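These notes are about the structure you will find just below.
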There are 2 protein chains.
Amino acid sequence: MSSTHDAAYGSTMAEQTPPAPGPPRSAARDRLLRTASALFYAEGVRAVGVDRVVAEASVTRATFYRHFAGKEALVVAYLQAVDDATRSRAGQQPDDPAEVASWLRRLTSQIGDELCRPGFRGCAFINAAAEYPDPASPVRVAVREHREWLQGTATAALARTGHPDPRAAGGRWMTLRDGAMVGAYLGDVEQARTTLRAGVEDLLAGR
Amino acid sequence: MSSTHDAAYGSTMAEQTPPAPGPPRSAARDRLLRTASALFYAEGVRAVGVDRVVAEASVTRATFYRHFAGKEALVVAYLQAVDDATRSRAGQQPDDPAEVASWLRRLTSQIGDELCRPGFRGCAFINAAAEYPDPASPVRVAVREHREWLQGTATAALARTGHPDPRAAGGRWMTLRDGAMVGAYLGDVEQARTTLRAGVEDLLAGR
DNA sequence: CCGTAGGTAGAACGATCGTTCTTTCTCTTG
DNA sequence: CAAGAGAAAGAACGATCGTTCTACCTACGG
């Protein structure tokens, strides 16, 4: 849940602040992003107005617009925060190819655990994309980047386990993951979890 | 996006139903629902206002509120129209158990074709659910009913093909279907199509 | 023939949308 | 100490949200 690179904002003059780099990290901005993330995920993006975020974060509108160009930028920051959290939770693949299979199992079971969490409301990226039809919008770009990373990671892992067709297998893994996310939100959580786990075992068995 | 009963409203003569059950079928109502369906699907539900629907359907607000209790009722009608279309397109399962496998193949390939259609923007129900967090809302009820019917149908079909574990297989079919819908919208259409088809073949082979 | 229902046309409601503005206060830092 | 950035507080912008209302027109079945 941390922002990454927000360099080059307003400073036209010498930006040589060693301790505080520009406007990125402040208590107010942090509260804003954290509050917005919770609200956007739980209730949908369009359903949550700036006023609501600002009020719930105990921050004024002026402060909000100092830290974010607008609502859309906040939405992108929200998705990037989820992306960051997902990537750091996944960690990096082990060097030893013999450990890759169990690494992918762990990555998958992390998703399985996510499905069971109390406030689970599906995939943040799938849900956001439902509200942003324009594929060129910054929101959709953020969605695409996350998904390409995720599928690429799974594909690479499956390749290293020696799967005969890693590209197709990565696509299957992603389908399994998406289906589980949707199924757990709109249907039976336990069934989604089981299907996901069994599917990954098939993949790891080279099937 | 075709509604099932397109040819049923123009009749000036044979319309001898005096009590007119609840929501009457009129040209204005039909235009309203058709326009709303296209807009809701293409741009998202919250993104499309009543004014917009009313203007694009060449109907006044007063007429709209005569036919629908409010926007939410229109959303539910939209989903029910998609549900109707899906059910009628699927048809009913053949009596002969030997034909069930090819029937399920056809149902699945209908979905595969849907993914390739020009304006495809994912599953109407998944997208709508993303915008309606409350599981008790009429919209979510409509979503649930559609999904339960769909999964139930697939499960029944797989049972009749003699699959050893039809319940799990039906869940897998649904996961495949959801994953393909999401993947085709947010990723590679062809890969989604291929994964879906291959997955169903596995299911039909009893795997 | 008249009554009524469904239609058009358009004004209006309060609420909320995202955004911008001015003003004042409180810190930190040179 | 002085300077300046960050934040608080709140007014205000035009636009749009979903909804309700009155008024008039038209078609049709009793």
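Chain labels A, B, ... are given in the sequence in which chains occur in the structure tokens; within each chain residues are numbered consecutively from 1, and ligands are likewise numbered from 1 in the order shown.
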Item to check | Nearby residues (only C-alpha atoms (C1' of nucleotides)) at most 6 Å from range 166-179 of chain A, same-chain spacing under 2 positions excluded, as an NGL selection string | outcome: (:A and (151 or 154-155 or 158-159 or 163 or 181-183 or 196)) or (:B and (175 or 178-179))
Just write the chosen residues, all heavy atoms, as a short mmCIF file (atom, residue, chain, number, x, y, z; two decimals), in the first residue's frame.
```
data_model
loop_
_atom_site.label_atom_id
_atom_site.label_comp_id
_atom_site.auth_asym_id
_atom_site.auth_seq_id
_atom_site.Cartn_x
_atom_site.Cartn_y
_atom_site.Cartn_z
N GLN A 151 0.29 -12.43 -15.47
CA GLN A 151 0.30 -13.55 -16.40
C GLN A 151 1.72 -13.88 -16.85
O GLN A 151 2.09 -15.06 -16.98
CB GLN A 151 -0.58 -13.25 -17.62
CG GLN A 151 -0.64 -14.40 -18.60
CD GLN A 151 -1.81 -14.29 -19.57
OE1 GLN A 151 -2.74 -13.53 -19.34
NE2 GLN A 151 -1.76 -15.05 -20.65
N ALA A 154 3.41 -15.88 -14.09
CA ALA A 154 2.96 -17.27 -14.05
C ALA A 154 3.51 -18.06 -15.24
O ALA A 154 3.94 -19.21 -15.08
CB ALA A 154 1.42 -17.30 -14.06
N THR A 155 3.52 -17.43 -16.39
CA THR A 155 4.04 -18.10 -17.59
C THR A 155 5.51 -18.44 -17.42
O THR A 155 5.94 -19.57 -17.72
CB THR A 155 3.86 -17.19 -18.82
OG1 THR A 155 2.47 -16.86 -18.96
CG2 THR A 155 4.34 -17.88 -20.08
N LEU A 158 5.87 -21.36 -15.00
CA LEU A 158 5.49 -22.63 -15.61
C LEU A 158 6.53 -23.10 -16.63
O LEU A 158 6.78 -24.31 -16.77
CB LEU A 158 4.10 -22.50 -16.26
CG LEU A 158 2.96 -22.45 -15.25
CD1 LEU A 158 1.69 -21.89 -15.87
CD2 LEU A 158 2.70 -23.85 -14.70
N ALA A 159 7.13 -22.14 -17.30
CA ALA A 159 8.19 -22.50 -18.24
C ALA A 159 9.36 -23.15 -17.49
O ALA A 159 9.94 -24.15 -17.94
CB ALA A 159 8.67 -21.25 -18.99
N HIS A 163 7.05 -27.02 -18.23
CA HIS A 163 5.78 -27.26 -18.91
C HIS A 163 5.99 -27.20 -20.43
O HIS A 163 6.66 -26.29 -20.93
CB HIS A 163 4.74 -26.24 -18.48
CG HIS A 163 3.34 -26.63 -18.85
ND1 HIS A 163 2.84 -26.54 -20.13
CD2 HIS A 163 2.33 -27.15 -18.10
CE1 HIS A 163 1.58 -26.96 -20.14
NE2 HIS A 163 1.25 -27.33 -18.92
N MET A 181 -11.62 -15.52 -8.92
CA MET A 181 -11.94 -14.20 -8.35
C MET A 181 -13.43 -13.88 -8.52
O MET A 181 -14.11 -13.47 -7.58
CB MET A 181 -11.10 -13.12 -9.07
CG MET A 181 -9.66 -13.09 -8.64
SD MET A 181 -9.48 -12.24 -7.05
CE MET A 181 -7.70 -12.09 -6.94
N VAL A 182 -13.91 -14.07 -9.74
CA VAL A 182 -15.32 -13.79 -10.02
C VAL A 182 -16.22 -14.76 -9.27
O VAL A 182 -17.20 -14.35 -8.63
CB VAL A 182 -15.58 -13.87 -11.54
CG1 VAL A 182 -17.08 -13.78 -11.83
CG2 VAL A 182 -14.83 -12.77 -12.28
N GLY A 183 -15.87 -16.03 -9.34
CA GLY A 183 -16.70 -17.05 -8.70
C GLY A 183 -16.80 -16.88 -7.20
O GLY A 183 -17.85 -17.09 -6.61
N LEU A 196 -9.55 -23.57 -8.19
CA LEU A 196 -8.28 -22.91 -8.45
C LEU A 196 -7.10 -23.82 -8.10
O LEU A 196 -6.16 -24.00 -8.89
CB LEU A 196 -8.20 -21.61 -7.64
CG LEU A 196 -6.90 -20.82 -7.73
CD1 LEU A 196 -6.63 -20.37 -9.15
CD2 LEU A 196 -6.94 -19.61 -6.79
N THR B 175 -16.01 -21.50 -13.90
CA THR B 175 -14.73 -20.80 -13.75
C THR B 175 -14.10 -20.52 -15.10
O THR B 175 -13.61 -19.41 -15.37
CB THR B 175 -13.76 -21.63 -12.90
OG1 THR B 175 -14.34 -21.87 -11.62
CG2 THR B 175 -12.43 -20.93 -12.73
N ASP B 178 -16.16 -17.73 -16.79
CA ASP B 178 -15.87 -16.42 -16.21
C ASP B 178 -14.48 -15.94 -16.60
O ASP B 178 -14.29 -14.78 -16.99
CB ASP B 178 -15.99 -16.48 -14.69
CG ASP B 178 -17.43 -16.61 -14.22
OD1 ASP B 178 -18.34 -16.24 -14.97
OD2 ASP B 178 -17.64 -17.08 -13.08
N GLY B 179 -13.52 -16.84 -16.50
CA GLY B 179 -12.15 -16.48 -16.84
C GLY B 179 -12.02 -16.07 -18.30
O GLY B 179 -11.29 -15.14 -18.63
#
```
Checklist entry - For chain C against chain B, which residues fall within 10 Å using only C-alpha atoms (C1' of nucleotides), given as JSON, numbers by chain? => result {"C": [6, 7, 8, 9, 10]}
Next on the checklist: For a quick test of understanding: name the residues of chain D lying within 12 Å of chain A when counting only C-alpha atoms (C1' of nucleotides), and present them as JSON, numbers by chain.
Outcome noted: {"D": [5, 6, 7, 8, 9, 10, 17]}
So that I have them on file, write out the residues from the current selection with N, CA and C atoms (P, O5', C5', C4', C3', O3' and C1' of nucleotides), as a tab-separated table (two decimals), in the first residue's frame.
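Produced file part03.tsv, reproduced below:
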```
chain	number	residue	atom	x	y	z
D	5	DA	P	7.50	27.74	-0.93
D	5	DA	O5'	7.14	26.22	-0.66
D	5	DA	C5'	8.04	25.40	0.07
D	5	DA	C4'	7.27	24.53	1.07
D	5	DA	C3'	6.01	23.88	0.48
D	5	DA	O3'	6.00	22.50	0.82
D	5	DA	C1'	5.48	25.03	2.47
D	6	DG	P	4.90	21.57	0.20
D	6	DG	O5'	3.94	21.31	1.45
D	6	DG	C5'	4.50	20.76	2.64
D	6	DG	C4'	3.39	20.57	3.67
D	6	DG	C3'	2.12	19.96	3.09
D	6	DG	O3'	1.65	18.96	4.00
D	6	DG	C1'	1.63	22.05	4.10
D	7	DA	P	0.42	18.06	3.57
D	7	DA	O5'	-0.76	18.74	4.39
D	7	DA	C5'	-0.64	18.88	5.81
D	7	DA	C4'	-1.69	19.84	6.30
D	7	DA	C3'	-3.13	19.49	5.90
D	7	DA	O3'	-3.84	19.07	7.05
D	7	DA	C1'	-2.67	21.83	5.73
D	8	DA	P	-5.38	18.68	6.89
D	8	DA	O5'	-6.10	19.98	7.47
D	8	DA	C5'	-5.67	20.54	8.70
D	8	DA	C4'	-6.52	21.77	9.03
D	8	DA	C3'	-8.02	21.56	8.85
D	8	DA	O3'	-8.72	22.17	9.93
D	8	DA	C1'	-7.29	23.37	7.50
D	9	DA	P	-10.21	21.83	10.25
D	9	DA	O5'	-11.01	23.01	9.53
D	9	DA	C5'	-10.68	24.37	9.81
D	9	DA	C4'	-11.48	25.28	8.90
D	9	DA	C3'	-12.84	24.71	8.48
D	9	DA	O3'	-13.86	25.59	8.91
D	9	DA	C1'	-11.66	25.64	6.63
D	10	DG	P	-15.38	25.22	8.86
D	10	DG	O5'	-15.82	25.99	7.54
D	10	DG	C5'	-15.35	27.32	7.33
D	10	DG	C4'	-15.57	27.72	5.90
D	10	DG	C3'	-16.88	27.19	5.28
D	10	DG	O3'	-17.52	28.27	4.64
D	10	DG	C1'	-15.10	26.86	3.82
D	17	DC	P	-25.86	12.66	-15.94
D	17	DC	O5'	-26.42	12.20	-14.52
D	17	DC	C5'	-25.49	11.82	-13.49
D	17	DC	C4'	-26.20	11.73	-12.15
D	17	DC	C3'	-27.61	11.17	-12.22
D	17	DC	O3'	-27.53	9.76	-12.14
D	17	DC	C1'	-27.54	13.10	-10.81
```
When DSSP is applied to the backbone of this structure, which of range 50-90 of chain A are assigned alpha helix (DSSP H)? Write them out as a CSV table (one decimal) with C-alpha atoms, in the first residue's frame.
```csv
chain,number,residue,atom,x,y,z
A,50,VAL,CA,-14.2,13.1,-3.8
A,51,ASP,CA,-16.2,14.7,-1.0
A,52,ARG,CA,-16.7,11.4,0.6
A,53,VAL,CA,-13.0,10.4,0.4
A,54,VAL,CA,-11.9,13.8,1.7
A,55,ALA,CA,-14.3,13.7,4.6
A,56,GLU,CA,-13.5,10.2,5.6
A,61,ARG,CA,-10.5,19.3,-0.8
A,62,ALA,CA,-7.6,21.8,-1.2
A,63,THR,CA,-5.2,19.3,0.3
A,64,PHE,CA,-6.5,16.6,-1.9
A,65,TYR,CA,-6.0,18.5,-5.1
A,66,ARG,CA,-2.5,19.4,-3.9
A,67,HIS,CA,-1.5,15.8,-3.9
A,71,LYS,CA,-10.0,11.9,-9.1
A,72,GLU,CA,-8.7,9.8,-11.9
A,73,ALA,CA,-5.2,10.1,-10.6
A,74,LEU,CA,-6.4,8.9,-7.3
A,75,VAL,CA,-8.0,5.9,-8.9
A,76,VAL,CA,-4.7,5.1,-10.7
A,77,ALA,CA,-2.8,5.5,-7.4
A,78,TYR,CA,-5.3,3.1,-5.8
A,79,LEU,CA,-4.7,0.5,-8.4
A,80,GLN,CA,-0.9,1.0,-8.3
A,81,ALA,CA,-1.0,0.5,-4.5
A,82,VAL,CA,-2.8,-2.8,-5.0
A,83,ASP,CA,-0.4,-3.8,-7.6
A,84,ASP,CA,2.6,-2.9,-5.4
A,85,ALA,CA,1.1,-4.9,-2.5
A,86,THR,CA,0.5,-7.9,-4.8
A,87,ARG,CA,4.0,-7.8,-6.2
A,88,SER,CA,5.7,-7.5,-2.9
A,89,ARG,CA,3.5,-10.3,-1.5
A,90,ALA,CA,4.4,-12.5,-4.3
```
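With only C-alpha atoms (C1' of nucleotides) as the basis for measurement, A:Val48 is the residue among A:Ala42, A:Ala192, A:Val48, A:Leu33 that approaches DC17 in chain C most closely.
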Next on the checklist: Restricting the calculation to only C-alpha atoms: of B:Ser102, B:Asn127, B:Thr35, B:Gln92, which residue gets closest to chain A?
Outcome noted: B:Asn127
Would you list the contacts of DG30 in chain C as a PDB file with N, CA and C atoms (P, O5', C5', C4', C3', O3' and C1' of nucleotides), in the first residue's frame, taking every protein, DNA or RNA residue within 12 Å and counting only C-alpha atoms (C1' of nucleotides), but skipping same-chain residues closer than 5 positions in sequence?
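In the end it all went to selection.pdb:
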```
ATOM      1  P    DC D   1      11.625  35.635  17.348  1.00  0.00           P
ATOM      2  O5'  DC D   1      12.219  36.989  16.817  1.00  0.00           O
ATOM      3  C5'  DC D   1      13.660  37.002  16.464  1.00  0.00           C
ATOM      4  C4'  DC D   1      13.832  37.162  14.963  1.00  0.00           C
ATOM      5  C3'  DC D   1      12.540  37.309  14.159  1.00  0.00           C
ATOM      6  O3'  DC D   1      12.763  38.255  13.115  1.00  0.00           O
ATOM      7  C1'  DC D   1      13.742  35.418  13.397  1.00  0.00           C
ATOM      8  P    DA D   2      11.490  38.886  12.335  1.00  0.00           P
ATOM      9  O5'  DA D   2      11.718  38.185  10.920  1.00  0.00           O
ATOM     10  C5'  DA D   2      13.011  38.183  10.338  1.00  0.00           C
ATOM     11  C4'  DA D   2      13.015  37.301   9.085  1.00  0.00           C
ATOM     12  C3'  DA D   2      11.773  37.444   8.213  1.00  0.00           C
ATOM     13  O3'  DA D   2      12.172  37.518   6.849  1.00  0.00           O
ATOM     14  C1'  DA D   2      12.019  35.177   8.904  1.00  0.00           C
ATOM     15  P    DA D   3      11.071  37.723   5.727  1.00  0.00           P
ATOM     16  O5'  DA D   3      11.015  36.265   5.095  1.00  0.00           O
ATOM     17  C5'  DA D   3      12.247  35.560   4.874  1.00  0.00           C
ATOM     18  C4'  DA D   3      11.950  34.178   4.308  1.00  0.00           C
ATOM     19  C3'  DA D   3      10.743  34.149   3.368  1.00  0.00           C
ATOM     20  O3'  DA D   3      11.100  33.422   2.198  1.00  0.00           O
ATOM     21  C1'  DA D   3      10.464  32.561   5.109  1.00  0.00           C
ATOM     22  P    DG D   4      10.150  33.457   0.948  1.00  0.00           P
ATOM     23  O5'  DG D   4       9.575  31.966   0.944  1.00  0.00           O
ATOM     24  C5'  DG D   4      10.444  30.882   1.269  1.00  0.00           C
ATOM     25  C4'  DG D   4       9.620  29.652   1.623  1.00  0.00           C
ATOM     26  C3'  DG D   4       8.355  29.481   0.762  1.00  0.00           C
ATOM     27  O3'  DG D   4       8.246  28.125   0.384  1.00  0.00           O
ATOM     28  C1'  DG D   4       7.810  29.356   3.028  1.00  0.00           C
TER      29       DG D   4
END
```
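Here CA of Leu204 in chain B is placed at a distance of 27.5 Å from CA of Leu186 in chain B.
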Checklist entry - CA of Arg106 in chain A and CA of Tyr185 in chain B are how many Å apart? => result 27.2 Å
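Minimum distance to Arg144 in chain B across A:Gly187, A:Pro94, A:Gly206, A:Gly199 (counting only C-alpha atoms) occurs at A:Gly187.
With only C-alpha atoms as the atoms that count, the minimum distance from chain A to the choices B:Trp103, B:Phe68, B:Tyr132, B:Phe120 is reached by B:Tyr132.
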